[in-house]
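First up is the structure itself, then whatever we jot down about it.
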Number of protein chains: 2
Amino acid sequence: MEQLLRVMNFNVSRDGIGAGEHQTLESPFGHAHPERLFAWAGATASWPMRTDPGGSRGLDDYFTRDFAHNIGAEIMGRNKFGPQRGPWLDHDWLGWWGEEPPFHTPVFVMTHHIRPAITLSDTTFHFVDDDPGTVLERARKAAQGKDVRLGGGVSTIRQFLDADLVDTLHVAVAPVELGSGIRLWKTPDELLDRFHLEIVPSASGVAHHLFWRK
Amino acid sequence: MEQLLRVMNFNVSRDGIGAGEHQTLESPFGHAHPERLFAWAGATASWPMRTDPGGSRGLDDYFTRDFAHNIGAEIMGRNKFGPQRGPWLDHDWLGWWGEEPPFHTPVFVMTHHIRPAITLSDTTFHFVDDDPGTVLERARKAAQGKDVRLGGGVSTIRQFLDADLVDTLHVAVAPVELGSGIRLWKTPDELLDRFHLEIVPSASGVAHHLFWRK
């Protein structure tokens with residue numbers, strides 16, 4: 001079985017922006033209020049952060065239900081772990097994800113400032129300062145035959161796309177315009193030389209963009 | 001966690017027919033040639049019967065990929081196991097599914113003619129002569145906390161719908177007309193009193209009908 005590198009449930013605005021400017025501890029997405037980008041996911045029965053019963057089981061639920069399915073590791077950029085830049089000043093702060101992170105696998109955090117691994121419940125964060133190919137190799141080994149999720153943010157996804165290491169992408173385009181921020185693409189057509197694309201509109205208002213390698 | 005009863009990847013024609021007339025050993029679907037109903041599924045990367053690499057990873061693949069996900073047992077009608085009617089005349093014939101059935105869980109076959117259980121690889125077929133509620137209770141126990149798939153055919157699904165035991169249905173409506181055969185519905189609107197419905201057209205030509213309980 002091949003081990004895919006998959007972008008899953010990644011959210012951008014209609015103008016291709018996946019995070020806003022001015023990221024802080026209180027605002028992980030900067031001026032891009034996540035509820036405007038993520039609302040479709042939070043409404044589904046299988047949303048990994050859901051704490052109450054209920055939720056929809058239509059199209060959108062197939063995407064959130066797939067989040068952990070056959071995934072053995074995640075790779076993320078440092079900004080998905082925390083808002084700090086430069087050397088870590090406070091090793092006691094253990095990231096944005098709380099004591100029960102929703103990953104339940106090894107997670108490889110790409111940073112130029114490595115620090116000891118952190119285990120929270122059944123998720124272990126490893127801090128790695130390597131090129132995308134080397135990090136992917138390590139994540140594949142940790143995934144023990146399962147696929148690897150590429151968790152974002154935008155600049156991490158761009159790095160792996162530039163290295164041609166991504167096999168599939170699911171990007172949900174939300175019906176909002178952000179105007180400025182970190183941009184995944186000007187248009188999804190930029191990827192059509194290497195990927196098939198199906199665009200599936202959902203009743204929730206997002207357009208699921210499904211890419212897979214030609 | 002609740003244990004759902006789920007109809008998954010069930011295929012009908014545009015006129016609501018899930019199997020044809022004159023089912024035989026050679027023609028499990030009677031005059032309804034399955035390739036016309038199933039083509040969308042066979043084209044996906046995650047089709048459980050796939051033997052070669054490749055296949056699409058767009059929308060349709062989310063449905064075939066979900067086939068075994070969090071499923072701990074299947075319930076099927078006798079006609080999905082074999083074409084025989086009345087008492088079993090040949091216990092050596094072990095069903096349509098070969099030595100490596102794609103279920104990989106306990107399977108409960110509803111029949112008025114019980115026979116000893118059959119184990120083929122990691123699938124065990126149990127033959128049960130009970131009402132839908134009793135069979136579901138047994139399947140839920142066997143599923144050990146996971147969901148139960150209701151595998152069909154049409155009359156088995158109708159029985160469980162009539163007993164109001166079905167939680168979700170994914171029915172792929174293929175762009176063919178069969179005219180006669182065993183009918184799941186005259187129109188999907190028949191289920192709208194009890195279920196939400198989203199209809200998602202796919203590039204493959206089928207329309208995925210997703211129902212979940214109100």
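Chain lettering (A, B, ...) mirrors the order of the structure tokens, residue numbering begins at 1 for each chain separately, and ligand numbering begins at 1 in order of display.
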
Give me the residues within 6 Å of stretch 184-193 of chain B as a ChimeraX atom specification, counting only C-alpha atoms and dropping any in the same chain fewer than 6 places off.
-> /B:16-17,154

Could you tell me, as a ChimeraX atom specification, which residues of stretch 31-192 of chain A DSSP assigns to helix (DSSP H, G or I) when given the backbone?
-> /A:34-42,59-65,78-81,132-143,154-162,188-191

Using only C-alpha atoms, I'd like a table of the residues in stretch 58-107 of chain A that come within 8 Å of stretch 4-15 of chain A; for each, show the closest atom pair and its distance in Å rounded to one decimal, ordered by chain and ascending number, as JSON lines.
```
{"residue": "A:Phe63", "atom": "CA", "partner": "A:Asn9", "partner_atom": "CA", "distance": 6.7}
{"residue": "A:Thr64", "atom": "CA", "partner": "A:Asn9", "partner_atom": "CA", "distance": 7.0}
{"residue": "A:Phe67", "atom": "CA", "partner": "A:Met8", "partner_atom": "CA", "distance": 6.7}
```

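Of the listed residues (A:Pro28, A:Pro48, A:Pro102, A:Gly58), A:Gly58 comes nearest to chain B; the distances count only C-alpha atoms.
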
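With only C-alpha atoms taken into account, chain A has Arg57, Gly58, Leu210 and Trp212 of chain A at most 6 Å from chain B.
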
Please produce a file of the residues just selected, as an mmCIF file, in the first residue's frame, where the atoms kept are C-alpha atoms.
```cif
data_model
loop_
_atom_site.group_PDB
_atom_site.id
_atom_site.type_symbol
_atom_site.label_atom_id
_atom_site.label_comp_id
_atom_site.auth_asym_id
_atom_site.auth_seq_id
_atom_site.Cartn_x
_atom_site.Cartn_y
_atom_site.Cartn_z
ATOM 1 C CA ARG A 57 -24.685 13.815 8.399
ATOM 2 C CA GLY A 58 -24.832 15.068 4.837
ATOM 3 C CA LEU A 210 -10.762 17.870 -4.277
ATOM 4 C CA TRP A 212 -5.510 14.291 -6.663
#
```

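Here atom CA of B:Phe125 is placed at a distance of 16.0 Å from atom CA of B:Gly153.
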
A:Ala39 environment, 10 Å, only C-alpha atoms, sequence neighbours closer than 4 positions dropped, as JSON, numbers by chain = {"A": [34, 35, 43, 44, 174, 204, 205, 206]}

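Distance check against A:Phe103 using only C-alpha atoms: of A:Leu25, A:Val173, A:Leu150, A:Ala163, the minimum falls on A:Leu150.
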
Point-to-point distance from atom CA of A:Phe195 to atom CA of B:Val171, Å rounded to tenths |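 We find that atom CA of A:Phe195 and atom CA of B:Val171 lie 28.2 Å from each other.
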